[in-house]
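Below: final27.cif (mmCIF, C-alpha atoms)
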data_run
#
loop_
_atom_site.group_PDB
_atom_site.id
_atom_site.type_symbol
_atom_site.label_atom_id
_atom_site.label_comp_id
_atom_site.auth_asym_id
_atom_site.auth_seq_id
_atom_site.Cartn_x
_atom_site.Cartn_y
_atom_site.Cartn_z
ATOM 1 C CA MET P 1 90.167 111.167 136.533
ATOM 2 C CA ASP P 2 88.152 114.304 135.741
ATOM 3 C CA SER P 3 89.646 116.198 138.672
ATOM 4 C CA ASP P 4 93.179 114.856 138.102
ATOM 5 C CA PRO P 5 93.681 113.636 134.509
ATOM 6 C CA SER P 6 97.225 112.473 135.277
ATOM 7 C CA ALA P 7 96.271 110.453 138.357
ATOM 8 C CA ASP P 8 97.825 107.030 138.805
ATOM 9 C CA LEU P 9 95.402 104.612 137.142
ATOM 10 C CA PRO P 10 95.760 101.798 139.715
ATOM 11 C CA ASP P 11 95.004 104.355 142.449
ATOM 12 C CA VAL P 12 91.967 105.543 140.493
ATOM 13 C CA LEU P 13 90.674 101.990 140.173
ATOM 14 C CA ALA P 14 91.354 101.112 143.814
ATOM 15 C CA THR P 15 89.502 104.236 144.914
ATOM 16 C CA ALA P 16 86.566 103.430 142.642
ATOM 17 C CA ILE P 17 86.297 99.892 144.033
ATOM 18 C CA ASP P 18 86.478 101.282 147.565
ATOM 19 C CA HIS P 19 83.718 103.839 146.919
ATOM 20 C CA VAL P 20 81.371 101.343 145.247
ATOM 21 C CA SER P 21 81.978 98.744 147.942
ATOM 22 C CA ALA P 22 81.225 101.239 150.712
ATOM 23 C CA LYS P 23 78.133 102.625 148.972
ATOM 24 C CA HIS P 24 76.581 99.176 148.533
ATOM 25 C CA SER P 25 78.014 97.443 151.630
ATOM 26 C CA LEU P 26 79.761 94.846 149.479
ATOM 27 C CA VAL P 27 81.508 91.913 151.158
ATOM 28 C CA PRO P 28 84.703 90.451 149.644
ATOM 29 C CA GLY P 29 84.082 87.063 148.098
ATOM 30 C CA GLU P 30 80.289 87.463 148.212
ATOM 31 C CA SER P 31 79.640 90.333 145.805
ATOM 32 C CA PRO P 32 79.249 91.041 142.090
ATOM 33 C CA ALA P 33 82.544 91.347 140.242
ATOM 34 C CA SER P 34 83.617 93.026 137.028
ATOM 35 C CA THR P 35 86.527 93.138 134.656
ATOM 36 C CA VAL P 36 87.989 96.580 133.907
ATOM 37 C CA ALA P 37 89.571 98.193 130.857
ATOM 38 C CA ILE P 38 90.634 101.852 130.933
ATOM 39 C CA ILE P 39 92.073 103.882 128.045
ATOM 40 C CA ARG P 40 93.459 107.374 128.729
ATOM 41 C CA TRP P 41 95.408 109.663 126.427
ATOM 42 C CA ASP P 42 96.913 113.132 126.187
ATOM 43 C CA ASP P 43 99.001 114.860 123.529
ATOM 44 C CA HIS P 44 101.955 112.557 124.161
ATOM 45 C CA HIS P 45 100.911 109.120 125.434
ATOM 46 C CA ILE P 46 98.128 106.573 125.560
ATOM 47 C CA ASP P 47 97.774 104.675 128.830
ATOM 48 C CA GLY P 48 96.002 101.341 129.095
ATOM 49 C CA LEU P 49 94.878 99.411 132.169
ATOM 50 C CA VAL P 50 93.220 95.993 132.272
ATOM 51 C CA LEU P 51 92.010 93.902 135.184
ATOM 52 C CA GLY P 52 90.394 90.586 134.339
ATOM 53 C CA ASP P 53 89.708 89.283 130.864
ATOM 54 C CA SER P 54 88.629 92.470 129.053
ATOM 55 C CA PRO P 55 91.575 93.240 126.745
ATOM 56 C CA ILE P 56 92.741 96.430 125.062
ATOM 57 C CA VAL P 57 93.842 96.110 121.428
ATOM 58 C CA VAL P 58 96.157 98.770 119.991
ATOM 59 C CA PHE P 59 96.484 99.290 116.230
ATOM 60 C CA SER P 60 99.745 101.036 115.352
ATOM 61 C CA ARG P 61 100.338 103.234 112.340
ATOM 62 C CA ASP P 62 102.940 100.784 111.054
ATOM 63 C CA GLY P 63 100.290 98.054 110.831
ATOM 64 C CA SER P 64 101.282 96.120 113.947
ATOM 65 C CA VAL P 65 98.837 95.086 116.666
ATOM 66 C CA ASP P 66 99.510 95.024 120.404
ATOM 67 C CA VAL P 67 97.069 93.291 122.776
ATOM 68 C CA LEU P 68 97.126 94.256 126.450
ATOM 69 C CA ARG P 69 95.555 91.411 128.415
ATOM 70 C CA ASP P 70 95.321 89.986 131.910
ATOM 71 C CA GLY P 71 95.597 86.218 131.589
ATOM 72 C CA ARG P 72 95.602 85.320 135.281
ATOM 73 C CA HIS P 73 91.943 84.317 135.463
ATOM 74 C CA GLU P 74 92.325 82.109 132.396
ATOM 75 C CA THR P 75 95.418 80.486 133.902
ATOM 76 C CA VAL P 76 93.645 79.729 137.189
ATOM 77 C CA VAL P 77 90.586 78.293 135.444
ATOM 78 C CA ALA P 78 92.703 76.061 133.188
ATOM 79 C CA GLU P 79 94.729 74.790 136.153
ATOM 80 C CA LEU P 80 91.649 74.014 138.264
ATOM 81 C CA ARG P 81 89.892 72.219 135.428
ATOM 82 C CA ARG P 82 92.984 70.155 134.696
ATOM 83 C CA GLU P 83 93.210 69.132 138.358
ATOM 84 C CA ALA P 84 89.480 68.345 138.495
ATOM 85 C CA ARG P 85 89.693 66.066 135.482
ATOM 86 C CA GLN P 86 92.496 64.130 137.138
ATOM 87 C CA THR P 87 90.940 63.780 140.588
ATOM 88 C CA THR P 88 87.143 63.930 140.241
ATOM 89 C CA GLU P 89 84.918 61.303 138.680
ATOM 90 C CA GLY P 90 81.740 62.046 136.740
ATOM 91 C CA LEU P 91 82.886 65.260 135.034
ATOM 92 C CA ASN P 92 81.480 64.525 131.620
ATOM 93 C CA THR P 93 80.780 68.017 130.329
ATOM 94 C CA LEU P 94 82.151 71.546 130.505
ATOM 95 C CA ASP P 95 79.179 72.502 132.688
ATOM 96 C CA ASP P 96 80.176 69.753 135.125
ATOM 97 C CA LEU P 97 83.709 71.153 135.265
ATOM 98 C CA ILE P 98 82.469 74.689 135.855
ATOM 99 C CA ARG P 99 80.288 73.618 138.784
ATOM 100 C CA ALA P 100 83.005 71.423 140.277
ATOM 101 C CA THR P 101 85.716 74.094 140.163
ATOM 102 C CA ARG P 102 83.665 77.165 141.117
ATOM 103 C CA PRO P 103 84.405 77.018 144.897
ATOM 104 C CA ALA P 104 88.145 76.635 144.302
ATOM 105 C CA LYS P 105 88.113 79.460 141.763
ATOM 106 C CA LEU P 106 86.363 81.812 144.176
ATOM 107 C CA ALA P 107 88.924 80.894 146.843
ATOM 108 C CA ARG P 108 91.678 82.189 144.558
ATOM 109 C CA MET P 109 89.948 85.445 143.656
ATOM 110 C CA ASN P 110 91.846 88.570 144.701
ATOM 111 C CA ARG P 111 94.710 86.560 146.140
ATOM 112 C CA ASP P 112 98.403 86.438 145.298
ATOM 113 C CA GLY P 113 98.990 83.448 143.085
ATOM 114 C CA GLY P 114 95.379 83.577 141.901
ATOM 115 C CA TYR P 115 93.637 86.277 139.925
ATOM 116 C CA TRP P 116 92.463 89.821 140.596
ATOM 117 C CA ILE P 117 89.098 91.333 139.716
ATOM 118 C CA ALA P 118 87.052 94.435 140.579
ATOM 119 C CA GLU P 119 84.843 93.109 143.361
ATOM 120 C CA ALA P 120 84.987 94.358 146.957
ATOM 121 C CA THR P 121 88.753 94.411 147.547
ATOM 122 C CA PRO P 122 90.277 97.823 146.656
ATOM 123 C CA GLU P 123 93.777 96.312 146.620
ATOM 124 C CA ALA P 124 92.826 94.624 143.332
ATOM 125 C CA GLY P 125 93.257 97.958 141.563
ATOM 126 C CA HIS P 126 96.964 97.877 142.335
ATOM 127 C CA HIS P 127 97.321 94.490 140.643
ATOM 128 C CA ALA P 128 96.034 95.696 137.269
ATOM 129 C CA ILE P 129 98.163 95.299 134.133
ATOM 130 C CA LEU P 130 99.464 98.563 132.628
ATOM 131 C CA ARG P 131 101.008 99.676 129.365
ATOM 132 C CA ARG P 132 101.867 102.973 127.672
ATOM 133 C CA TRP P 133 102.221 103.843 123.976
ATOM 134 C CA PRO P 134 103.378 107.067 122.225
ATOM 135 C CA VAL P 135 100.234 108.648 120.838
ATOM 136 C CA ASN P 136 101.785 109.673 117.517
ATOM 137 C CA SER P 137 102.468 106.014 116.645
ATOM 138 C CA ILE P 138 98.891 104.792 117.202
ATOM 139 C CA HIS P 139 96.037 104.629 114.711
ATOM 140 C CA ALA P 140 93.309 103.363 117.033
ATOM 141 C CA VAL P 141 92.680 101.660 120.363
ATOM 142 C CA ALA P 142 89.818 99.298 121.219
ATOM 143 C CA ALA P 143 88.652 98.027 124.601
ATOM 144 C CA MET P 144 86.244 95.109 124.856
ATOM 145 C CA THR P 145 84.880 92.286 126.946
ATOM 146 C CA ASP P 146 86.077 88.761 126.296
ATOM 147 C CA GLY P 147 82.709 88.110 124.671
ATOM 148 C CA VAL P 148 84.075 90.172 121.780
ATOM 149 C CA SER P 149 87.764 89.213 121.809
ATOM 150 C CA CYS P 150 86.847 85.509 121.672
ATOM 151 C CA GLY P 151 85.510 86.137 118.161
ATOM 152 C CA VAL P 152 89.000 86.791 116.825
ATOM 153 C CA GLU P 153 91.063 84.722 119.247
ATOM 154 C CA ASP P 154 88.880 81.599 119.580
ATOM 155 C CA TYR P 155 86.428 81.509 116.665
ATOM 156 C CA GLY P 156 88.450 83.237 113.951
ATOM 157 C CA VAL P 157 85.444 85.468 113.270
ATOM 158 C CA PRO P 158 86.762 87.871 112.010
ATOM 159 C CA PRO P 159 89.989 86.039 111.131
ATOM 160 C CA SER P 160 92.376 88.701 112.506
ATOM 161 C CA TRP P 161 92.504 91.874 114.564
ATOM 162 C CA PRO P 162 93.115 94.038 111.479
ATOM 163 C CA ALA P 163 90.016 92.486 109.876
ATOM 164 C CA ALA P 164 87.989 93.170 113.020
ATOM 165 C CA PHE P 165 89.207 96.771 113.109
ATOM 166 C CA THR P 166 88.376 97.349 109.456
ATOM 167 C CA LEU P 167 84.858 95.966 109.932
ATOM 168 C CA ALA P 168 84.264 98.156 112.994
ATOM 169 C CA LEU P 169 85.690 101.217 111.261
ATOM 170 C CA ASN P 170 83.655 100.767 108.072
ATOM 171 C CA ASP P 171 80.369 99.367 109.417
ATOM 172 C CA GLY P 172 80.421 100.222 113.106
ATOM 173 C CA LEU P 173 81.096 98.237 116.248
ATOM 174 C CA GLN P 174 77.578 96.821 116.184
ATOM 175 C CA ALA P 175 78.405 95.006 112.950
ATOM 176 C CA LEU P 176 81.411 93.381 114.618
ATOM 177 C CA LEU P 177 79.355 92.302 117.635
ATOM 178 C CA ALA P 178 76.579 90.950 115.402
ATOM 179 C CA LEU P 179 79.068 88.905 113.355
ATOM 180 C CA ILE P 180 80.413 87.216 116.504
ATOM 181 C CA HIS P 181 76.903 86.690 117.882
ATOM 182 C CA ASP P 182 75.769 85.069 114.642
ATOM 183 C CA ALA P 183 78.801 82.766 114.633
ATOM 184 C CA GLU P 184 77.944 81.606 118.150
ATOM 185 C CA ALA P 185 74.363 80.947 117.053
ATOM 186 C CA THR P 186 75.665 78.330 114.610
ATOM 187 C CA ASP P 187 77.166 76.434 117.574
ATOM 188 C CA LYS P 188 74.350 76.444 120.113
ATOM 189 C CA ASP P 189 75.435 73.140 121.633
ATOM 190 C CA ARG P 190 78.921 74.641 122.243
ATOM 191 C CA GLN P 191 80.728 71.713 120.678
ATOM 192 C CA ARG P 192 82.767 73.525 118.038
ATOM 193 C CA TRP P 193 83.863 76.204 120.491
ATOM 194 C CA PRO P 194 83.557 74.894 124.073
ATOM 195 C CA ARG P 195 82.403 77.724 126.353
ATOM 196 C CA PRO P 196 80.204 78.194 129.435
ATOM 197 C CA LYS P 197 77.197 79.571 127.516
ATOM 198 C CA THR P 198 76.112 80.085 123.924
ATOM 199 C CA HIS P 199 76.349 83.894 124.015
ATOM 200 C CA ASP P 200 78.570 85.882 126.358
ATOM 201 C CA ASP P 201 78.019 89.578 127.039
ATOM 202 C CA LYS P 202 79.505 91.804 124.329
ATOM 203 C CA ALA P 203 80.666 95.382 124.835
ATOM 204 C CA ALA P 204 83.345 97.353 123.007
ATOM 205 C CA ALA P 205 84.665 100.874 122.548
ATOM 206 C CA LEU P 206 86.863 102.088 119.685
ATOM 207 C CA VAL P 207 88.968 105.257 119.757
ATOM 208 C CA VAL P 208 90.404 106.407 116.420
ATOM 209 C CA PHE P 209 93.074 109.104 116.485
ATOM 210 C CA PRO P 210 92.438 111.661 113.723
ATOM 211 C CA HIS P 211 96.098 112.352 112.974
ATOM 212 C CA ALA P 212 96.666 108.750 111.867
ATOM 213 C CA HIS P 213 96.593 107.603 108.254
ATOM 214 C CA LEU P 214 96.961 103.910 107.590
ATOM 215 C CA THR P 215 96.029 101.262 105.029
ATOM 216 C CA TRP P 216 95.771 97.748 106.418
ATOM 217 C CA GLY P 217 96.254 96.022 103.054
ATOM 218 C CA ASP P 218 95.151 92.503 102.181
ATOM 219 C CA GLU P 219 93.819 91.599 105.631
ATOM 220 C CA GLN P 220 90.893 94.017 105.303
#
Please rewrite the model in this file as structure tokens.
Amino acid sequence: MDSDPSADLPDVLATAIDHVSAKHSLVPGESPASTVAIIRWDDHHIDGLVLGDSPIVVFSRDGSVDVLRDGRHETVVAELRREARQTTEGLNTLDDLIRATRPAKLARMNRDGGYWIAEATPEAGHHAILRRWPVNSIHAVAAMTDGVSCGVEDYGVPPSWPAAFTLALNDGLQALLALIHDAEATDKDRQRWPRPKTHDDKAAALVVFPHAHLTWGDEQ
């Protein structure tokens, strides 16, 4: 992207996966995997790319919010867990379901009809989800792991994306991450919000465009 700022983002991602896989001798289906979120902008447009469950949230100058997400992993997991509940005995907890469905989930990784992730298959880059926005209509753009987005979308902490943006803008992203982390700490047994572990990894980046002027109103 440094050498060619206008390069096709799926090509960039596929090349990156290829280079990392070759450097570390990674084997498809047997290697570490990562979600991806890329934000790129010039004087005219903002481009977003997501692969896996790390969304990009766009805050427009008119007060609207657009979330770019890749829901394929979530769809596969929900389908496999539903099938496991119907066909497998002794699945009493979420941890039981996770263990029971892990082999089937891995079998559907980086396959058509399954989900795509940055692991050791460069083709995955070409299955990323893309979107473009006119830069002069955007106030800010945030990229994050699902350990952050679950705060708004699952816990209601903060209660909305505008509220999350205002908190991050006024007090910093660390304040937003700490708020979500503290909420999870009140549910250590994972009963209120069923999830694989008490605390997921949390990472976020926020880009604010200096030409934008916007008041979010009552949801702050």
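Take atom CA of Val157 of chain P and atom CA of Lys188 of chain P: the distance between them is 15.9 Å.
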Which residue out of P:Asp2, P:Val76, P:Gln191, P:Ala100 has the minimum interatomic distance to Thr88 of chain P when only C-alpha atoms are used?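 Smallest separation from Thr88 of chain P among the options: P:Ala100.
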Evaluate the PyMOL selection byres ((chain P and resi 40) around 10) on the structure here and hand back the selected residues as a list in words.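 On the file shown, the PyMOL selection byres ((chain P and resi 40) around 10) covers Met1, Pro5, Ser6, Leu9, Ile38, Ile39, Trp41, Asp42, His45, Ile46, Asp47, Gly48, Leu49 and Arg132 of chain P.
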How many Å lie between atom CA of Arg190 of chain P and atom CA of Pro55 of chain P, rounded to one decimal?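 Separation between atom CA of Arg190 of chain P and atom CA of Pro55 of chain P: 22.9 Å.
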Mind giving me the straight-line distance from atom CA of Ala16 of chain P to atom CA of Trp133 of chain P in Å, one decimal?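 Atom-to-atom, atom CA of Ala16 of chain P to atom CA of Trp133 of chain P, that is 24.4 Å.
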Point out the residue among P:Ala143, P:Val208, P:Ala104, P:Ile129 with the least atom-to-atom distance to Thr166 of chain P, counting only C-alpha atoms.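 Smallest distance to Thr166 of chain P is found for P:Val208.
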Near Arg195 of chain P, within 12 Å and counting only C-alpha atoms, which residues show up once chain neighbours fewer than 5 positions away are dropped, as a list of chain:residue names? P:Thr93, P:Leu94, P:Asp95, P:Leu97, P:Ile98, P:Asp146, P:Gly147, P:Cys150, P:Asp154, P:Tyr155, P:Glu184, P:Asp187, P:Lys188, P:Asp189, P:Arg190, P:Asp200
Tell me which protein, DNA and RNA residues are within 12 Å of Glu153 of chain P, counting only C-alpha atoms, leaving out same-chain ones fewer than 6 positions away, and put them as a count of residues only. 11
Which centre and edge lengths in Å to one decimal define the box along x, y and z that fits every listed atom of segment 90-105 of chain P plus 3 Å per side, as AutoDock Vina command-line options?
--center_x 83.7 --center_y 70.8 --center_z 137.6 --size_x 15.0 --size_y 23.4 --size_z 20.6
For Ile138 of chain P, which residue out of P:Arg99, P:Arg61, P:Lys202, P:Lys105 is the nearest one, using only C-alpha atoms?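 Of the candidates, the smallest distance to Ile138 of chain P is held by P:Arg61.
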Let me know the residues the PyMOL selection byres ((chain P and resi 69) around 7) catches in the file above, as a PyMOL selection string. chain P and resi 50+53+55-56+67-68+70-71
Point (78.3, 93.6, 139.9) neighbourhood (12 Å, only C-alpha atoms) written as a short mmCIF file (atom, residue, chain, number, x, y, z; two decimals) with C-alpha atoms, keeping the file's coordinate frame:
data_model
loop_
_atom_site.label_atom_id
_atom_site.label_comp_id
_atom_site.auth_asym_id
_atom_site.auth_seq_id
_atom_site.Cartn_x
_atom_site.Cartn_y
_atom_site.Cartn_z
CA ILE P 17 86.30 99.89 144.03
CA VAL P 20 81.37 101.34 145.25
CA SER P 21 81.98 98.74 147.94
CA HIS P 24 76.58 99.18 148.53
CA LEU P 26 79.76 94.85 149.48
CA VAL P 27 81.51 91.91 151.16
CA GLY P 29 84.08 87.06 148.10
CA GLU P 30 80.29 87.46 148.21
CA SER P 31 79.64 90.33 145.80
CA PRO P 32 79.25 91.04 142.09
CA ALA P 33 82.54 91.35 140.24
CA SER P 34 83.62 93.03 137.03
CA THR P 35 86.53 93.14 134.66
CA VAL P 36 87.99 96.58 133.91
CA ILE P 117 89.10 91.33 139.72
CA ALA P 118 87.05 94.44 140.58
CA GLU P 119 84.84 93.11 143.36
CA ALA P 120 84.99 94.36 146.96
#
From the set P:Val135, P:Lys197, P:Ala203, P:Thr145, which residue has the shortest atom-to-atom contact distance to Ala178 of chain P, counting only C-alpha atoms?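 Smallest separation from Ala178 of chain P among the options: P:Ala203.
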Nearest residue to Arg192 of chain P from the set P:Gly156, P:Ala14, P:Ala22, P:Asp43 (distances using only C-alpha atoms): P:Gly156
Can you work out which one of P:Pro122, P:Asp8, P:Val207, P:Pro103 has the shortest atom-to-atom distance to Leu173 of chain P, counting only C-alpha atoms? P:Val207
Neighbour list for Glu79 of chain P as a PyMOL selection string, cut-off 12 Å, only C-alpha atoms, skip fewer than 6 positions in-chain: chain P and resi 72-73+85-86+97+101+104-105+108+113-114
Determine the residue membership of the PyMOL selection byres ((chain P and resi 176) around 10) for the file above and supply it as a PyMOL selection string. chain P and resi 148+151+157-158+163-169+171-175+177-181+204
Fewer than 4 positions away in the same chain doesn't count, so skip those; otherwise give me all residues within 10 Å of Phe209 of chain P, counting all atoms listed in the file, as number ranges by chain. P: 135-141, 213
